Amino acid sequence: MLDTSIGPVPLQAYLIVAAFLFCTGVWGLINSRNAVRVLMSIELMLNAVNINLMSFSSYIDGSIIRGQVFSIFVITVAAAEAAVGLAILLSLYRNRVTIDMESFNLLKW
Amino acid sequence: MNIAYSTELICFLILSSVIISGSLAVVLLENIVYSAFLLGGVFMAVAGLYLLLNASFVAAAQILVYVGAVNVLILFAIMLVNKKEKLKPIEGLKTRRLISGGICGGLLILLLRVSISTKWNLPGPPSIGEEATERIGEHLFTDYLLPFELASILLLMAMIGAIVLARRDIQIASNAGNEFNNEKPLIDKKIPLLSENSLK
(Lines give C-alpha, C1' and ligand atoms only; values in the text may rest on other atoms or scores of the structure.)
Protein backbone atom coordinates (compact mmCIF):
# COMPACT_ATOMS: atom_id res chain seq x y z
CA MET A 1 0.00 0.00 0.00
CA LEU A 2 2.71 2.45 0.97
CA ASP A 3 5.08 2.54 -1.94
CA THR A 4 8.62 3.15 -0.76
CA SER A 5 10.36 2.42 -4.05
CA ILE A 6 11.08 6.05 -4.91
CA GLY A 7 12.48 7.22 -1.63
CA PRO A 8 12.44 6.65 2.07
CA VAL A 9 9.47 8.93 2.63
CA PRO A 10 6.26 7.89 0.88
CA LEU A 11 3.83 10.40 -0.54
CA GLN A 12 1.26 9.41 2.04
CA ALA A 13 3.45 10.65 4.90
CA TYR A 14 3.35 14.18 3.52
CA LEU A 15 -0.39 13.92 3.04
CA ILE A 16 -0.84 12.77 6.64
CA VAL A 17 1.18 15.70 8.00
CA ALA A 18 -0.81 18.09 5.83
CA ALA A 19 -4.11 16.58 6.95
CA PHE A 20 -3.12 16.98 10.58
CA LEU A 21 -2.04 20.57 10.04
CA PHE A 22 -5.32 21.33 8.26
CA CYS A 23 -7.45 19.83 11.01
CA THR A 24 -5.54 21.75 13.67
CA GLY A 25 -6.16 24.91 11.69
CA VAL A 26 -9.87 24.19 11.43
CA TRP A 27 -10.12 23.54 15.16
CA GLY A 28 -8.27 26.73 15.98
CA LEU A 29 -10.41 28.69 13.54
CA ILE A 30 -13.58 27.52 15.23
CA ASN A 31 -12.46 27.71 18.82
CA SER A 32 -10.12 30.63 19.32
CA ARG A 33 -11.54 33.76 20.85
CA ASN A 34 -8.61 36.00 20.02
CA ALA A 35 -9.05 37.41 16.52
CA VAL A 36 -5.32 37.32 15.79
CA ARG A 37 -5.26 33.61 16.51
CA VAL A 38 -8.04 33.11 13.98
CA LEU A 39 -5.79 34.65 11.34
CA MET A 40 -2.94 32.39 12.45
CA SER A 41 -5.20 29.36 12.06
CA ILE A 42 -6.07 30.42 8.54
CA GLU A 43 -2.37 30.61 7.76
CA LEU A 44 -1.92 27.08 9.13
CA MET A 45 -4.68 25.79 6.84
CA LEU A 46 -3.15 27.49 3.81
CA ASN A 47 0.19 25.92 4.65
CA ALA A 48 -1.41 22.48 4.82
CA VAL A 49 -2.87 22.97 1.36
CA ASN A 50 0.55 24.08 0.14
CA ILE A 51 2.20 20.96 1.51
CA ASN A 52 -0.34 18.86 -0.39
CA LEU A 53 0.27 20.74 -3.62
CA MET A 54 4.03 20.49 -3.29
CA SER A 55 4.07 16.80 -2.47
CA PHE A 56 1.80 15.93 -5.39
CA SER A 57 3.92 18.11 -7.64
CA SER A 58 7.07 16.33 -6.57
CA TYR A 59 5.81 12.76 -6.58
CA ILE A 60 3.28 12.59 -9.41
CA ASP A 61 3.98 15.62 -11.58
CA GLY A 62 7.74 15.71 -11.21
CA SER A 63 8.59 16.93 -14.69
CA ILE A 64 6.10 19.76 -15.16
CA ILE A 65 5.75 20.93 -11.50
CA ARG A 66 2.46 22.73 -11.90
CA GLY A 67 1.91 22.26 -8.18
CA GLN A 68 4.90 24.44 -7.30
CA VAL A 69 3.61 27.26 -9.49
CA PHE A 70 0.21 26.93 -7.92
CA SER A 71 1.62 27.01 -4.41
CA ILE A 72 3.45 30.24 -5.27
CA PHE A 73 0.07 31.71 -6.16
CA VAL A 74 -1.34 30.41 -2.90
CA ILE A 75 1.51 32.08 -0.99
CA THR A 76 0.77 35.35 -2.80
CA VAL A 77 -2.92 35.22 -1.99
CA ALA A 78 -2.12 34.28 1.60
CA ALA A 79 0.09 37.34 1.98
CA ALA A 80 -2.64 39.59 0.60
CA GLU A 81 -5.18 37.94 2.86
CA ALA A 82 -3.03 38.43 5.93
CA ALA A 83 -2.51 42.11 5.17
CA VAL A 84 -6.18 42.83 4.60
CA GLY A 85 -7.27 40.67 7.52
CA LEU A 86 -4.98 42.40 9.96
CA ALA A 87 -6.09 45.81 8.68
CA ILE A 88 -9.72 44.81 9.23
CA LEU A 89 -8.75 43.61 12.68
CA LEU A 90 -7.11 46.93 13.51
CA SER A 91 -10.12 48.96 12.44
CA LEU A 92 -12.40 46.60 14.37
CA TYR A 93 -10.25 47.10 17.43
CA ARG A 94 -10.50 50.86 17.07
CA ASN A 95 -14.25 50.71 16.92
CA ARG A 96 -15.07 48.05 19.50
CA VAL A 97 -11.96 48.17 21.75
CA THR A 98 -11.86 44.38 21.99
CA ILE A 99 -10.52 41.46 20.02
CA ASP A 100 -12.85 38.89 21.50
CA MET A 101 -14.50 37.02 18.66
CA GLU A 102 -17.64 36.57 20.72
CA SER A 103 -18.28 40.30 20.77
CA PHE A 104 -18.23 40.70 17.01
CA ASN A 105 -21.86 39.77 16.63
CA LEU A 106 -23.10 42.72 14.65
CA LEU A 107 -24.23 40.60 11.72
CA LYS A 108 -25.69 37.86 13.86
CA TRP A 109 -29.27 37.12 13.02
CA MET B 1 19.36 1.65 3.28
CA ASN B 2 22.23 4.01 2.61
CA ILE B 3 23.07 7.18 4.43
CA ALA B 4 21.15 9.53 2.13
CA TYR B 5 17.95 7.62 2.68
CA SER B 6 18.28 7.56 6.43
CA THR B 7 19.20 11.25 6.52
CA GLU B 8 16.11 12.13 4.51
CA LEU B 9 13.94 9.99 6.72
CA ILE B 10 15.32 11.54 9.90
CA CYS B 11 14.90 15.05 8.49
CA PHE B 12 11.31 14.29 7.53
CA LEU B 13 10.54 12.88 10.97
CA ILE B 14 12.03 15.87 12.78
CA LEU B 15 10.30 18.39 10.52
CA SER B 16 6.93 16.71 10.71
CA SER B 17 7.07 16.43 14.48
CA VAL B 18 7.99 20.12 14.67
CA ILE B 19 5.05 20.93 12.42
CA ILE B 20 2.56 18.83 14.34
CA SER B 21 3.58 19.90 17.84
CA GLY B 22 4.07 23.50 16.74
CA SER B 23 0.65 23.76 15.17
CA LEU B 24 -0.95 22.26 18.26
CA ALA B 25 0.90 24.77 20.42
CA VAL B 26 -0.12 27.66 18.13
CA VAL B 27 -3.74 26.74 18.61
CA LEU B 28 -3.67 25.74 22.26
CA LEU B 29 -1.27 28.08 24.04
CA GLU B 30 -2.75 30.86 26.14
CA ASN B 31 -0.15 33.50 25.43
CA ILE B 32 -0.58 34.78 21.91
CA VAL B 33 3.02 36.02 21.61
CA TYR B 34 4.30 32.47 22.09
CA SER B 35 1.79 31.36 19.47
CA ALA B 36 3.09 33.90 16.99
CA PHE B 37 6.71 32.87 17.41
CA LEU B 38 5.82 29.18 17.22
CA LEU B 39 3.91 29.94 14.05
CA GLY B 40 7.18 31.21 12.62
CA GLY B 41 8.78 27.92 13.62
CA VAL B 42 6.02 25.97 11.89
CA PHE B 43 6.54 28.03 8.74
CA MET B 44 10.27 27.31 8.84
CA ALA B 45 9.59 23.58 9.21
CA VAL B 46 7.20 23.67 6.26
CA ALA B 47 9.96 25.33 4.25
CA GLY B 48 12.22 22.45 5.28
CA LEU B 49 9.64 20.00 3.93
CA TYR B 50 9.70 21.88 0.63
CA LEU B 51 13.47 21.49 0.55
CA LEU B 52 13.01 17.75 1.04
CA LEU B 53 10.61 17.80 -1.91
CA ASN B 54 13.25 19.32 -4.25
CA ALA B 55 11.65 22.73 -4.33
CA SER B 56 14.27 25.21 -3.25
CA PHE B 57 12.63 28.23 -4.85
CA VAL B 58 9.31 27.71 -3.13
CA ALA B 59 11.12 27.05 0.16
CA ALA B 60 12.90 30.38 -0.18
CA ALA B 61 9.64 32.10 -1.08
CA GLN B 62 7.98 30.48 1.92
CA ILE B 63 10.65 31.77 4.30
CA LEU B 64 10.66 35.23 2.73
CA VAL B 65 6.91 35.68 2.57
CA TYR B 66 5.65 33.76 5.56
CA VAL B 67 8.41 34.13 8.13
CA GLY B 68 9.58 37.50 6.88
CA ALA B 69 6.30 39.20 6.10
CA VAL B 70 3.22 37.44 7.40
CA ASN B 71 4.66 36.49 10.75
CA VAL B 72 6.09 39.96 11.32
CA LEU B 73 2.72 41.42 10.33
CA ILE B 74 1.01 39.19 12.89
CA LEU B 75 3.48 40.31 15.54
CA PHE B 76 2.77 43.93 14.64
CA ALA B 77 -0.94 43.29 15.00
CA ILE B 78 -0.39 41.67 18.38
CA MET B 79 1.60 44.70 19.48
CA LEU B 80 -1.03 47.11 18.22
CA VAL B 81 -3.98 45.39 19.85
CA ASN B 82 -2.10 44.28 22.93
CA LYS B 83 -4.59 44.67 25.71
CA LYS B 84 -4.81 42.32 28.63
CA GLU B 85 -8.41 41.47 28.30
CA LYS B 86 -10.44 39.37 30.65
CA LEU B 87 -12.58 37.30 28.35
CA LYS B 88 -16.10 36.84 29.52
CA PRO B 89 -16.83 33.19 30.19
CA ILE B 90 -19.50 31.85 27.92
CA GLU B 91 -21.67 28.93 28.77
CA GLY B 92 -21.18 25.68 26.95
CA LEU B 93 -17.62 26.42 25.95
CA LYS B 94 -16.46 22.95 26.94
CA THR B 95 -19.15 21.20 24.93
CA ARG B 96 -18.45 23.47 22.01
CA ARG B 97 -14.80 22.57 22.10
CA LEU B 98 -15.58 18.89 22.44
CA ILE B 99 -18.03 18.89 19.55
CA SER B 100 -15.73 20.82 17.27
CA GLY B 101 -12.84 18.59 18.33
CA GLY B 102 -14.90 15.54 17.40
CA ILE B 103 -15.77 17.04 14.04
CA CYS B 104 -12.15 17.93 13.32
CA GLY B 105 -11.04 14.46 14.40
CA GLY B 106 -13.59 12.94 12.05
CA LEU B 107 -12.33 15.15 9.26
CA LEU B 108 -8.80 14.05 10.06
CA ILE B 109 -9.77 10.37 9.96
CA LEU B 110 -11.57 10.90 6.66
CA LEU B 111 -8.55 12.65 5.15
CA LEU B 112 -6.19 9.95 6.43
CA ARG B 113 -8.37 7.22 5.01
CA VAL B 114 -8.55 8.93 1.63
CA SER B 115 -4.85 9.62 1.46
CA ILE B 116 -3.84 6.10 2.47
CA SER B 117 -6.38 4.00 0.63
CA THR B 118 -6.29 5.87 -2.67
CA LYS B 119 -4.11 4.32 -5.33
CA TRP B 120 -2.01 7.30 -6.38
CA ASN B 121 -0.42 7.19 -9.79
CA LEU B 122 3.03 6.38 -8.40
CA PRO B 123 5.79 6.61 -9.36
CA GLY B 124 5.29 9.55 -11.66
CA PRO B 125 7.90 10.99 -14.00
CA PRO B 126 11.27 11.59 -12.37
CA SER B 127 11.64 14.81 -10.48
CA ILE B 128 13.63 17.51 -12.23
CA GLY B 129 15.30 18.60 -9.03
CA GLU B 130 17.35 21.73 -9.24
CA GLU B 131 15.93 22.70 -12.63
CA ALA B 132 12.68 23.51 -10.87
CA THR B 133 13.42 27.22 -10.49
CA GLU B 134 13.93 27.70 -14.23
CA ARG B 135 10.83 25.67 -14.94
CA ILE B 136 8.79 27.81 -12.56
CA GLY B 137 10.02 30.91 -14.38
CA GLU B 138 9.00 29.42 -17.73
CA HIS B 139 5.59 28.56 -16.35
CA LEU B 140 5.06 32.01 -14.88
CA PHE B 141 5.81 33.77 -18.15
CA THR B 142 4.13 31.43 -20.60
CA ASP B 143 1.10 29.42 -19.61
CA TYR B 144 0.50 30.98 -16.22
CA LEU B 145 0.98 34.57 -17.36
CA LEU B 146 -2.60 35.67 -16.76
CA PRO B 147 -2.75 34.35 -13.16
CA PHE B 148 0.64 35.95 -12.55
CA GLU B 149 -0.61 39.37 -13.64
CA LEU B 150 -3.83 38.88 -11.72
CA ALA B 151 -1.81 38.06 -8.61
CA SER B 152 0.15 41.27 -8.97
CA ILE B 153 -3.06 43.26 -9.32
CA LEU B 154 -4.43 41.44 -6.29
CA LEU B 155 -1.36 42.39 -4.27
CA LEU B 156 -1.76 46.03 -5.31
CA MET B 157 -5.42 45.96 -4.32
CA ALA B 158 -4.62 44.33 -1.01
CA MET B 159 -1.95 46.92 -0.27
CA ILE B 160 -4.25 49.85 -1.01
CA GLY B 161 -7.10 48.19 0.84
CA ALA B 162 -4.97 47.55 3.90
CA ILE B 163 -3.80 51.17 3.95
CA VAL B 164 -7.34 52.47 3.60
CA LEU B 165 -8.73 50.13 6.24
CA ALA B 166 -6.04 50.71 8.81
CA ARG B 167 -5.91 54.47 8.32
CA ARG B 168 -6.67 56.44 11.42
CA ASP B 169 -9.11 59.03 10.18
CA ILE B 170 -11.85 56.69 9.09
CA GLN B 171 -14.75 57.19 11.43
CA ILE B 172 -17.90 56.18 9.68
CA ALA B 173 -20.06 55.81 12.72
CA SER B 174 -18.93 58.95 14.50
CA ASN B 175 -21.59 61.40 13.33
CA ALA B 176 -24.19 59.10 11.83
CA GLY B 177 -26.40 56.95 14.02
CA ASN B 178 -24.10 55.48 16.59
CA GLU B 179 -26.23 52.70 18.02
CA PHE B 180 -23.87 49.80 17.44
CA ASN B 181 -20.81 51.64 18.61
CA ASN B 182 -21.11 51.18 22.31
CA GLU B 183 -17.59 51.91 23.42
CA LYS B 184 -15.93 55.19 22.76
CA PRO B 185 -13.52 54.95 19.84
CA LEU B 186 -9.85 55.18 20.57
CA ILE B 187 -9.30 57.89 18.02
CA ASP B 188 -8.88 61.28 19.57
CA LYS B 189 -6.92 62.97 16.82
CA LYS B 190 -7.57 62.77 13.12
CA ILE B 191 -4.52 62.38 10.94
CA PRO B 192 -5.67 62.87 7.36
CA LEU B 193 -3.70 60.95 4.80
CA LEU B 194 -5.40 62.40 1.77
CA SER B 195 -6.59 65.94 1.24
CA GLU B 196 -10.13 66.81 2.25
CA ASN B 197 -11.36 67.11 -1.34
CA SER B 198 -10.30 63.65 -2.33
CA LEU B 199 -12.35 62.08 0.42
CA LYS B 200 -15.61 63.51 -0.90
# chains A, B, ... in the order shown; residues from 1 in each chain; ligands from 1
>>> residues_around(residues="Asn54 of chain B", least_positions_apart="3", cutoff="9 Å", atoms="only C-alpha atoms", output="list in words")
Ser58 of chain A; Leu49, Tyr50, Leu51, Phe57, Ser127, Ile128, Gly129, Glu130 and Ala132 of chain B
>>> write_last_selection(atoms="N, CA and C atoms", output="short mmCIF file (atom, residue, chain, number, x, y, z; two decimals), in the first residue's frame")
data_model
loop_
_atom_site.label_atom_id
_atom_site.label_comp_id
_atom_site.auth_asym_id
_atom_site.auth_seq_id
_atom_site.Cartn_x
_atom_site.Cartn_y
_atom_site.Cartn_z
N SER A 58 5.77 17.00 -6.54
CA SER A 58 7.07 16.33 -6.57
C SER A 58 6.95 14.85 -6.88
N LEU B 49 10.31 21.06 4.70
CA LEU B 49 9.64 20.00 3.93
C LEU B 49 9.73 20.28 2.44
N TYR B 50 9.58 21.55 2.06
CA TYR B 50 9.70 21.88 0.63
C TYR B 50 11.09 21.58 0.13
N LEU B 51 12.11 21.82 0.97
CA LEU B 51 13.47 21.49 0.55
C LEU B 51 13.62 19.99 0.34
N PHE B 57 13.16 26.88 -4.63
CA PHE B 57 12.63 28.23 -4.85
C PHE B 57 11.42 28.49 -3.97
N SER B 127 11.63 13.41 -10.88
CA SER B 127 11.64 14.81 -10.48
C SER B 127 12.81 15.53 -11.14
N ILE B 128 12.58 16.80 -11.53
CA ILE B 128 13.63 17.51 -12.23
C ILE B 128 14.60 18.18 -11.28
N GLY B 129 14.32 18.15 -10.01
CA GLY B 129 15.30 18.60 -9.03
C GLY B 129 15.63 20.06 -9.13
N GLU B 130 16.89 20.35 -9.32
CA GLU B 130 17.35 21.73 -9.24
C GLU B 130 16.92 22.58 -10.43
N ALA B 132 14.05 23.08 -11.14
CA ALA B 132 12.68 23.51 -10.87
C ALA B 132 12.52 25.02 -10.93
#
>>> interface_residues(of="chain A", to="chain B", cutoff="7 Å", atoms="only C-alpha atoms", output="ChimeraX atom specification")
/A:6-9,12,15-17,19-21,23-24,26-28,31,55,58-63,68-69,72,76,79-80,82-84,86-88,90-91,93-97
>>> closest_residue(among="A:Ser71, A:Asn105, A:Thr98, A:Asn52", to="Tyr14 of chain A", atoms="only C-alpha atoms")
A:Asn52
>>> select_by_dssp(residues="chain A", states="helix (DSSP H, G or I)", output="number ranges by chain")
A: 11-31, 35-59, 66-96, 101-103
>>> decode(residues="segment 67-101 of chain B", atoms="N, CA and C atoms", output="mmCIF file, in the first residue's frame")
data_model
loop_
_atom_site.group_PDB
_atom_site.id
_atom_site.type_symbol
_atom_site.label_atom_id
_atom_site.label_comp_id
_atom_site.auth_asym_id
_atom_site.auth_seq_id
_atom_site.Cartn_x
_atom_site.Cartn_y
_atom_site.Cartn_z
ATOM 1 N N VAL B 67 7.681 33.782 6.920
ATOM 2 C CA VAL B 67 8.410 34.132 8.134
ATOM 3 C C VAL B 67 8.751 35.618 8.123
ATOM 4 N N GLY B 68 9.114 36.129 6.923
ATOM 5 C CA GLY B 68 9.578 37.500 6.875
ATOM 6 C C GLY B 68 8.471 38.522 6.848
ATOM 7 N N ALA B 69 7.345 38.191 6.235
ATOM 8 C CA ALA B 69 6.304 39.202 6.099
ATOM 9 C C ALA B 69 5.084 38.898 6.946
ATOM 10 N N VAL B 70 4.493 37.711 6.745
ATOM 11 C CA VAL B 70 3.215 37.440 7.396
ATOM 12 C C VAL B 70 3.387 37.344 8.905
ATOM 13 N N ASN B 71 4.462 36.668 9.315
ATOM 14 C CA ASN B 71 4.657 36.490 10.753
ATOM 15 C C ASN B 71 4.973 37.815 11.433
ATOM 16 N N VAL B 72 5.778 38.640 10.763
ATOM 17 C CA VAL B 72 6.090 39.958 11.318
ATOM 18 C C VAL B 72 4.834 40.818 11.376
ATOM 19 N N LEU B 73 3.988 40.682 10.344
ATOM 20 C CA LEU B 73 2.716 41.416 10.334
ATOM 21 C C LEU B 73 1.839 40.993 11.500
ATOM 22 N N ILE B 74 1.814 39.681 11.765
ATOM 23 C CA ILE B 74 1.009 39.193 12.887
ATOM 24 C C ILE B 74 1.561 39.721 14.203
ATOM 25 N N LEU B 75 2.889 39.765 14.306
ATOM 26 C CA LEU B 75 3.477 40.306 15.541
ATOM 27 C C LEU B 75 3.144 41.782 15.698
ATOM 28 N N PHE B 76 3.161 42.526 14.579
ATOM 29 C CA PHE B 76 2.768 43.933 14.638
ATOM 30 C C PHE B 76 1.333 44.060 15.125
ATOM 31 N N ALA B 77 0.458 43.212 14.590
ATOM 32 C CA ALA B 77 -0.943 43.290 14.998
ATOM 33 C C ALA B 77 -1.087 42.975 16.471
ATOM 34 N N ILE B 78 -0.316 41.993 16.956
ATOM 35 C CA ILE B 78 -0.394 41.670 18.384
ATOM 36 C C ILE B 78 0.062 42.867 19.212
ATOM 37 N N MET B 79 1.134 43.527 18.745
ATOM 38 C CA MET B 79 1.596 44.699 19.484
ATOM 39 C C MET B 79 0.556 45.799 19.470
ATOM 40 N N LEU B 80 -0.104 45.993 18.317
ATOM 41 C CA LEU B 80 -1.033 47.114 18.221
ATOM 42 C C LEU B 80 -2.314 46.879 18.995
ATOM 43 N N VAL B 81 -2.733 45.629 19.119
ATOM 44 C CA VAL B 81 -3.978 45.388 19.850
ATOM 45 C C VAL B 81 -3.686 44.735 21.187
ATOM 46 N N ASN B 82 -2.493 44.976 21.711
ATOM 47 C CA ASN B 82 -2.102 44.279 22.929
ATOM 48 C C ASN B 82 -2.823 44.883 24.122
ATOM 49 N N LYS B 83 -3.891 44.244 24.514
ATOM 50 C CA LYS B 83 -4.589 44.675 25.709
ATOM 51 C C LYS B 83 -4.884 43.431 26.531
ATOM 52 N N LYS B 84 -4.466 43.446 27.759
ATOM 53 C CA LYS B 84 -4.813 42.322 28.630
ATOM 54 C C LYS B 84 -6.307 42.366 28.880
ATOM 55 N N GLU B 85 -6.958 41.414 28.324
ATOM 56 C CA GLU B 85 -8.408 41.466 28.300
ATOM 57 C C GLU B 85 -8.953 40.246 29.008
ATOM 58 N N LYS B 86 -9.831 40.496 29.964
ATOM 59 C CA LYS B 86 -10.443 39.368 30.655
ATOM 60 C C LYS B 86 -11.625 38.925 29.815
ATOM 61 N N LEU B 87 -11.502 37.762 29.209
ATOM 62 C CA LEU B 87 -12.577 37.297 28.347
ATOM 63 C C LEU B 87 -13.746 36.837 29.195
ATOM 64 N N LYS B 88 -14.914 37.264 28.797
ATOM 65 C CA LYS B 88 -16.098 36.840 29.521
ATOM 66 C C LYS B 88 -16.327 35.350 29.314
ATOM 67 N N PRO B 89 -16.555 34.619 30.393
ATOM 68 C CA PRO B 89 -16.828 33.195 30.195
ATOM 69 C C PRO B 89 -18.181 33.006 29.531
ATOM 70 N N ILE B 90 -18.223 32.125 28.567
ATOM 71 C CA ILE B 90 -19.500 31.855 27.921
ATOM 72 C C ILE B 90 -19.907 30.436 28.253
ATOM 73 N N GLU B 91 -21.188 30.243 28.361
ATOM 74 C CA GLU B 91 -21.666 28.925 28.774
ATOM 75 C C GLU B 91 -21.525 27.946 27.606
ATOM 76 N N GLY B 92 -21.264 26.719 27.984
ATOM 77 C CA GLY B 92 -21.181 25.685 26.952
ATOM 78 C C GLY B 92 -19.908 25.715 26.155
ATOM 79 N N LEU B 93 -18.874 26.359 26.697
ATOM 80 C CA LEU B 93 -17.620 26.418 25.946
ATOM 81 C C LEU B 93 -16.983 25.044 25.836
ATOM 82 N N LYS B 94 -17.055 24.294 26.931
ATOM 83 C CA LYS B 94 -16.461 22.951 26.936
ATOM 84 C C LYS B 94 -17.129 22.051 25.897
ATOM 85 N N THR B 95 -18.457 22.064 25.894
ATOM 86 C CA THR B 95 -19.146 21.203 24.929
ATOM 87 C C THR B 95 -18.870 21.657 23.505
ATOM 88 N N ARG B 96 -18.766 22.979 23.336
ATOM 89 C CA ARG B 96 -18.454 23.474 22.005
ATOM 90 C C ARG B 96 -17.103 22.960 21.544
ATOM 91 N N ARG B 97 -16.134 23.041 22.469
ATOM 92 C CA ARG B 97 -14.799 22.574 22.101
ATOM 93 C C ARG B 97 -14.802 21.081 21.818
ATOM 94 N N LEU B 98 -15.546 20.340 22.641
ATOM 95 C CA LEU B 98 -15.580 18.893 22.435
ATOM 96 C C LEU B 98 -16.217 18.551 21.097
ATOM 97 N N ILE B 99 -17.340 19.206 20.813
ATOM 98 C CA ILE B 99 -18.035 18.889 19.553
ATOM 99 C C ILE B 99 -17.165 19.238 18.354
ATOM 100 N N SER B 100 -16.559 20.440 18.421
ATOM 101 C CA SER B 100 -15.726 20.818 17.268
ATOM 102 C C SER B 100 -14.480 19.947 17.182
ATOM 103 N N GLY B 101 -13.963 19.515 18.364
ATOM 104 C CA GLY B 101 -12.843 18.589 18.327
ATOM 105 C C GLY B 101 -13.224 17.263 17.702
#
